[in-house]
Structures are given as C-alpha cells and as structure tokens.
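Asker: Coordinates in query35.csv, CSV, C-alpha atoms, are listed below.
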chain,number,residue,atom,x,y,z
A,1360,MET,CA,203.2,16.2,58.7
A,1361,VAL,CA,205.4,18.1,61.2
A,1362,THR,CA,204.0,21.6,61.9
A,1363,ALA,CA,205.5,24.5,60.0
A,1364,TYR,CA,206.6,26.1,63.2
A,1365,ALA,CA,208.5,22.9,64.3
A,1366,VAL,CA,210.3,22.9,60.9
A,1367,ALA,CA,211.2,26.6,61.0
A,1368,ALA,CA,212.4,26.3,64.6
A,1369,THR,CA,215.1,23.9,63.5
A,1370,VAL,CA,216.8,26.3,61.1
A,1371,THR,CA,220.1,27.5,62.4
A,1372,ASP,CA,221.5,31.0,62.3
A,1373,PRO,CA,224.2,31.3,59.6
A,1374,GLU,CA,226.5,33.4,61.8
A,1375,LEU,CA,225.9,31.5,65.0
A,1376,PRO,CA,225.3,28.0,63.8
A,1377,MET,CA,225.0,26.6,67.3
A,1378,LEU,CA,221.7,28.5,67.6
A,1379,THR,CA,218.4,28.0,65.9
A,1380,LEU,CA,216.5,31.1,64.7
A,1381,ALA,CA,214.1,30.3,67.6
A,1382,ASP,CA,217.0,30.2,70.1
A,1383,LEU,CA,218.2,33.5,68.9
A,1384,GLY,CA,214.7,35.0,69.1
A,1385,VAL,CA,214.7,36.0,65.4
A,1386,LEU,CA,211.9,33.6,64.5
A,1387,ARG,CA,208.8,35.6,65.5
A,1388,GLU,CA,205.8,33.8,64.1
A,1389,VAL,CA,204.9,31.0,61.8
A,1390,SER,CA,201.3,30.7,60.5
A,1391,GLU,CA,199.6,28.5,58.0
A,1392,GLU,CA,196.9,30.3,56.0
A,1393,ASP,CA,195.0,28.5,53.1
A,1394,GLY,CA,197.9,26.1,52.3
A,1395,ARG,CA,200.5,28.9,52.6
A,1396,VAL,CA,203.1,29.2,55.3
A,1397,VAL,CA,204.0,32.7,56.4
A,1398,VAL,CA,207.1,33.1,58.5
A,1399,ALA,CA,207.9,36.4,60.3
A,1400,ILE,CA,211.6,37.0,61.2
A,1401,THR,CA,213.2,40.1,62.8
A,1402,PRO,CA,216.9,41.0,62.1
A,1403,THR,CA,219.2,41.3,65.0
A,1404,TYR,CA,220.1,44.8,63.6
A,1405,THR,CA,219.4,46.9,60.6
A,1406,GLY,CA,221.3,45.8,57.6
A,1407,CYS,CA,222.1,42.3,59.0
A,1408,PRO,CA,223.8,40.5,56.1
A,1409,ALA,CA,222.5,37.1,57.2
A,1410,MET,CA,218.8,37.9,56.5
A,1411,ASP,CA,218.9,36.7,52.9
A,1412,THR,CA,220.5,33.4,54.1
A,1413,MET,CA,218.0,33.0,56.9
A,1414,ARG,CA,215.1,33.6,54.4
A,1415,ASP,CA,216.6,31.1,51.9
A,1416,ASP,CA,217.2,28.5,54.7
A,1417,LEU,CA,213.6,28.8,56.0
A,1418,VAL,CA,212.1,28.4,52.5
A,1419,HIS,CA,214.4,25.4,51.8
A,1420,ALA,CA,213.5,23.7,55.1
A,1421,LEU,CA,209.8,24.2,54.8
A,1422,THR,CA,209.6,23.2,51.1
A,1423,GLY,CA,211.7,20.2,51.9
A,1424,ALA,CA,209.2,19.2,54.6
A,1425,GLY,CA,206.4,19.3,52.1
A,1426,TYR,CA,205.1,22.9,52.4
A,1427,GLY,CA,204.8,24.2,48.8
A,1428,ASP,CA,203.9,27.8,49.3
A,1429,VAL,CA,206.2,29.7,51.7
A,1430,GLU,CA,206.6,33.4,52.3
A,1431,VAL,CA,209.1,34.9,54.7
A,1432,ARG,CA,208.4,38.4,56.0
A,1433,THR,CA,210.7,40.8,57.7
A,1434,VAL,CA,209.2,42.4,60.8
A,1435,LEU,CA,211.0,45.4,62.2
A,1436,GLN,CA,208.7,46.4,65.1
A,1437,PRO,CA,209.4,45.8,67.9
A,1438,ALA,CA,213.2,45.9,67.3
A,1439,TRP,CA,215.0,42.7,68.2
A,1440,SER,CA,216.8,42.6,71.6
A,1441,THR,CA,219.3,40.2,73.0
A,1442,ASP,CA,216.7,39.7,75.7
A,1443,TRP,CA,214.9,37.5,73.1
A,1444,ILE,CA,217.7,34.9,73.1
A,1445,THR,CA,216.3,31.9,75.0
A,1446,GLU,CA,218.0,30.5,78.1
A,1447,ASP,CA,218.9,27.4,76.1
A,1448,GLY,CA,220.4,29.7,73.4
A,1449,LYS,CA,222.5,31.5,76.0
A,1450,ARG,CA,223.7,28.1,77.3
A,1451,LYS,CA,224.6,27.0,73.8
A,1452,LEU,CA,226.6,30.2,73.2
A,1453,ALA,CA,228.6,29.6,76.4
A,1454,GLU,CA,229.2,26.0,75.5
A,1455,ALA,CA,230.6,27.2,72.1
A,1456,GLY,CA,233.0,29.6,73.9
A,1457,ILE,CA,231.0,32.7,73.2
A,1458,ALA,CA,230.0,34.8,76.2
A,1459,PRO,CA,226.2,35.3,76.1
A,1460,PRO,CA,224.7,38.7,76.6
A,1461,GLY,CA,223.5,40.0,79.9
A,1462,ALA,CA,220.2,41.9,80.2
A,1463,ALA,CA,219.8,44.6,77.6
A,1464,PRO,CA,219.8,48.2,78.9
A,1465,ARG,CA,216.4,49.7,79.4
A,1466,ARG,CA,216.1,53.2,78.0
A,1467,THR,CA,213.4,55.7,77.4
A,1468,GLY,CA,213.8,59.0,75.5
A,1469,PRO,CA,216.9,60.0,73.7
A,1470,ILE,CA,219.9,57.6,73.8
A,1471,PRO,CA,223.0,59.4,75.1
A,1472,LEU,CA,226.1,59.4,72.9
A,1473,THR,CA,229.2,58.6,74.8
A,1474,LEU,CA,232.7,58.6,73.3
A,1475,SER,CA,234.3,56.5,75.9
A,1476,PRO,CA,234.1,52.7,75.8
A,1477,ALA,CA,231.2,51.1,77.7
A,1478,VAL,CA,232.2,49.5,80.9
A,1479,SER,CA,230.7,46.1,81.4
A,1480,SER,CA,231.4,42.9,83.3
A,1481,VAL,CA,231.5,39.9,81.1
A,1482,ARG,CA,232.4,36.4,82.4
A,1483,CYS,CA,234.9,34.3,80.5
A,1484,PRO,CA,233.0,31.4,79.0
A,1485,ARG,CA,236.1,29.2,79.4
A,1486,CYS,CA,237.1,29.7,83.1
A,1487,GLY,CA,234.2,31.8,84.5
A,1488,SER,CA,236.4,34.7,85.6
A,1489,ALA,CA,234.8,38.1,85.6
A,1490,ASP,CA,238.2,39.7,85.1
A,1491,THR,CA,237.9,40.3,81.3
A,1492,GLU,CA,238.6,43.2,79.0
A,1493,GLU,CA,237.3,44.3,75.6
A,1494,GLN,CA,239.9,44.0,72.9
A,1495,SER,CA,237.7,45.3,70.0
A,1496,ARG,CA,234.1,46.5,70.0
A,1497,PHE,CA,233.5,44.5,66.8
A,1498,SER,CA,234.4,40.9,66.1
A,1499,ALA,CA,233.5,38.5,63.2
A,1500,THR,CA,230.0,40.1,63.2
A,1501,ALA,CA,228.8,43.5,64.2
A,1502,CYS,CA,226.7,42.0,67.0
A,1503,LYS,CA,229.7,40.5,68.8
A,1504,ALA,CA,232.7,42.1,70.6
A,1505,LEU,CA,236.2,40.5,71.0
A,1506,ARG,CA,237.3,40.2,74.6
A,1507,ARG,CA,240.2,38.6,76.5
A,1508,CYS,CA,240.2,37.0,79.9
A,1509,ARG,CA,242.9,38.4,82.2
A,1510,PHE,CA,242.9,35.2,84.3
A,1511,CYS,CA,243.2,32.4,81.7
A,1512,LEU,CA,244.4,34.8,79.0
A,1513,GLU,CA,242.1,33.3,76.4
A,1514,PRO,CA,240.4,35.5,73.8
A,1515,PHE,CA,236.6,35.0,73.3
A,1516,GLU,CA,233.7,36.6,71.6
A,1517,HIS,CA,230.8,38.2,73.5
A,1518,VAL,CA,227.3,38.8,72.1
A,1519,LYS,CA,226.7,42.5,72.8
A,1520,GLU,CA,223.6,43.6,74.7
A,1521,ILE,CA,221.2,45.3,72.5
Let's see the structure in the file written out as structure tokens.
Answerer:
Amino acid sequence: MVTAYAVAATVTDPELPMLTLADLGVLREVSEEDGRVVVAITPTYTGCPAMDTMRDDLVHALTGAGYGDVEVRTVLQPAWSTDWITEDGKRKLAEAGIAPPGAAPRRTGPIPLTLSPAVSSVRCPRCGSADTEEQSRFSATACKALRRCRFCLEPFEHVKEI
C-alpha cells in the first residue's frame, strides 16, 4: 500500500489546482497511529474558504487508497507563510501564469499599519519584465493580487507574500 503521506501529498489545492497541498506548504504532517491516519493542515489565512474542500479531498483520497479511519486536523501555529511554498510549487505557479511570491517580510513586534499601497517589484510570469503594476490588492482569492505588465500589457495574478 502507498504511504498515507504519499497519498495526501497528491491532493491539489481547490483554488490553485496546479499545486498540491504539499507544494503549497499547507500539508504539515501525516501520521499513521493504530490504523488511523491523522493529517495536519494549516490554512493560508484565517477564514480560508477552501479548508472544508481540502479536508474533504484529503479524506476522499485516503479512504480511496484503502485507509479506513482518517482524521484531518487544522493546525494554526505556526501561521502559514508563502515561504512554505516549495520551489517546485513556485515554478508551477509561474508556468500557470501566476507570479509566485518573493520572500515573506520578516517582522518582530507590532506590525505597522500603512494606508498607502505596498511598493513591490513583481516580475511578469509571461515576459519576465519587472515593470509591472498592481491593479487590485485582491484577485479571485484574498491571497492573490491582480497586476498588469507595463511591457507586454498582459494582466496576471500574483500570490501575495505573507
């Protein structure tokens, strides 16, 4: 029988189907205890609407592979970071026309509130130009922004650094 981790690692993200939950860094741990499989996942952000689908997809994949007793737990600490997306996952995002995130900002102490838009350099996943601009801080999902390349003029999504 294929290991429970190997099965869970094939489950794709419902909002970014080019990525597995392992690519995204959401799949934290899979253990087999006394005939029971326990899977730990971390949401990309509080209130992520895809969590129920992720849970259902994991249970379906594991029971379909012959594991009868499956529990999926949500783990909130440490909080998920875009740094957890694998290099393979970042490559898959770019191939799908979505700009992968850069390194997440490192902060200690209080997080400053700024009212002006964040200035960031994001390369166009289509032509590679760094001359891009943010069109909307939010896109199809809260974890992505909508950007446009000033060189090739194509719009694209960008996974925001968290």
Asker: When you look at segment 1398-1403 of chain A with a cut-off of 7 Å (counting only C-alpha atoms), what residues show up, excluding the ones that are within fewer than 2 positions of it in the same chain? I need them as a PyMOL selection string.
Answerer: chain A and resi 1385-1390+1396+1405+1407+1410+1430-1435+1439
Asker: Would you mind reading off the distance between atom CA of Arg1509 of chain A and atom CA of Leu1383 of chain A, one decimal, in Å?
Answerer: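 Distance between the two atoms: 28.5 Å.
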Asker: Just give me the gap between atom CA of Leu1378 of chain A and atom CA of Asp1490 of chain A in Å, one decimal is fine.
Answerer: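 Separation between atom CA of Leu1378 of chain A and atom CA of Asp1490 of chain A: 26.5 Å.
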Asker: Calculated over all atoms listed in the file, which of the candidates A:Gly1487, A:Lys1451, A:Ala1424, A:Leu1380 has the smallest distance to Glu1513 of chain A?
Answerer: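 Among the listed residues, A:Gly1487 lies closest to Glu1513 of chain A.
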Asker: Please compute the atom CA of Gly1448 of chain A-atom CA of Phe1510 of chain A distance, one decimal, in Å.
Answerer: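 About the pair atom CA of Gly1448 of chain A and atom CA of Phe1510 of chain A: they are 25.6 Å apart.
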Asker: Pull the neighbourhood of (218.4, 48.6, 77.1) for me: all residues within 9 Å in file coordinates, counting all atoms listed in the file, as JSON, numbers by chain.
Answerer: {"A": [1440, 1462, 1463, 1464, 1465, 1466, 1467, 1520, 1521]}
Asker: Skip Cys1508 of chain A itself and residues of its chain fewer than 6 positions away, then list as a CSV table (one decimal) with C-alpha atoms, keeping the file's coordinate frame all residues within 12 Å of it, counting all atoms listed in the file.
Answerer:
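Output file result_3.csv is given in full below:
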chain,number,residue,atom,x,y,z
A,1456,GLY,CA,233.0,29.6,73.9
A,1458,ALA,CA,230.0,34.8,76.2
A,1480,SER,CA,231.4,42.9,83.3
A,1481,VAL,CA,231.5,39.9,81.1
A,1482,ARG,CA,232.4,36.4,82.4
A,1483,CYS,CA,234.9,34.3,80.5
A,1484,PRO,CA,233.0,31.4,79.0
A,1485,ARG,CA,236.1,29.2,79.4
A,1486,CYS,CA,237.1,29.7,83.1
A,1487,GLY,CA,234.2,31.8,84.5
A,1488,SER,CA,236.4,34.7,85.6
A,1489,ALA,CA,234.8,38.1,85.6
A,1490,ASP,CA,238.2,39.7,85.1
A,1491,THR,CA,237.9,40.3,81.3
A,1492,GLU,CA,238.6,43.2,79.0
A,1493,GLU,CA,237.3,44.3,75.6
A,1494,GLN,CA,239.9,44.0,72.9
A,1514,PRO,CA,240.4,35.5,73.8
A,1515,PHE,CA,236.6,35.0,73.3
A,1516,GLU,CA,233.7,36.6,71.6
A,1517,HIS,CA,230.8,38.2,73.5
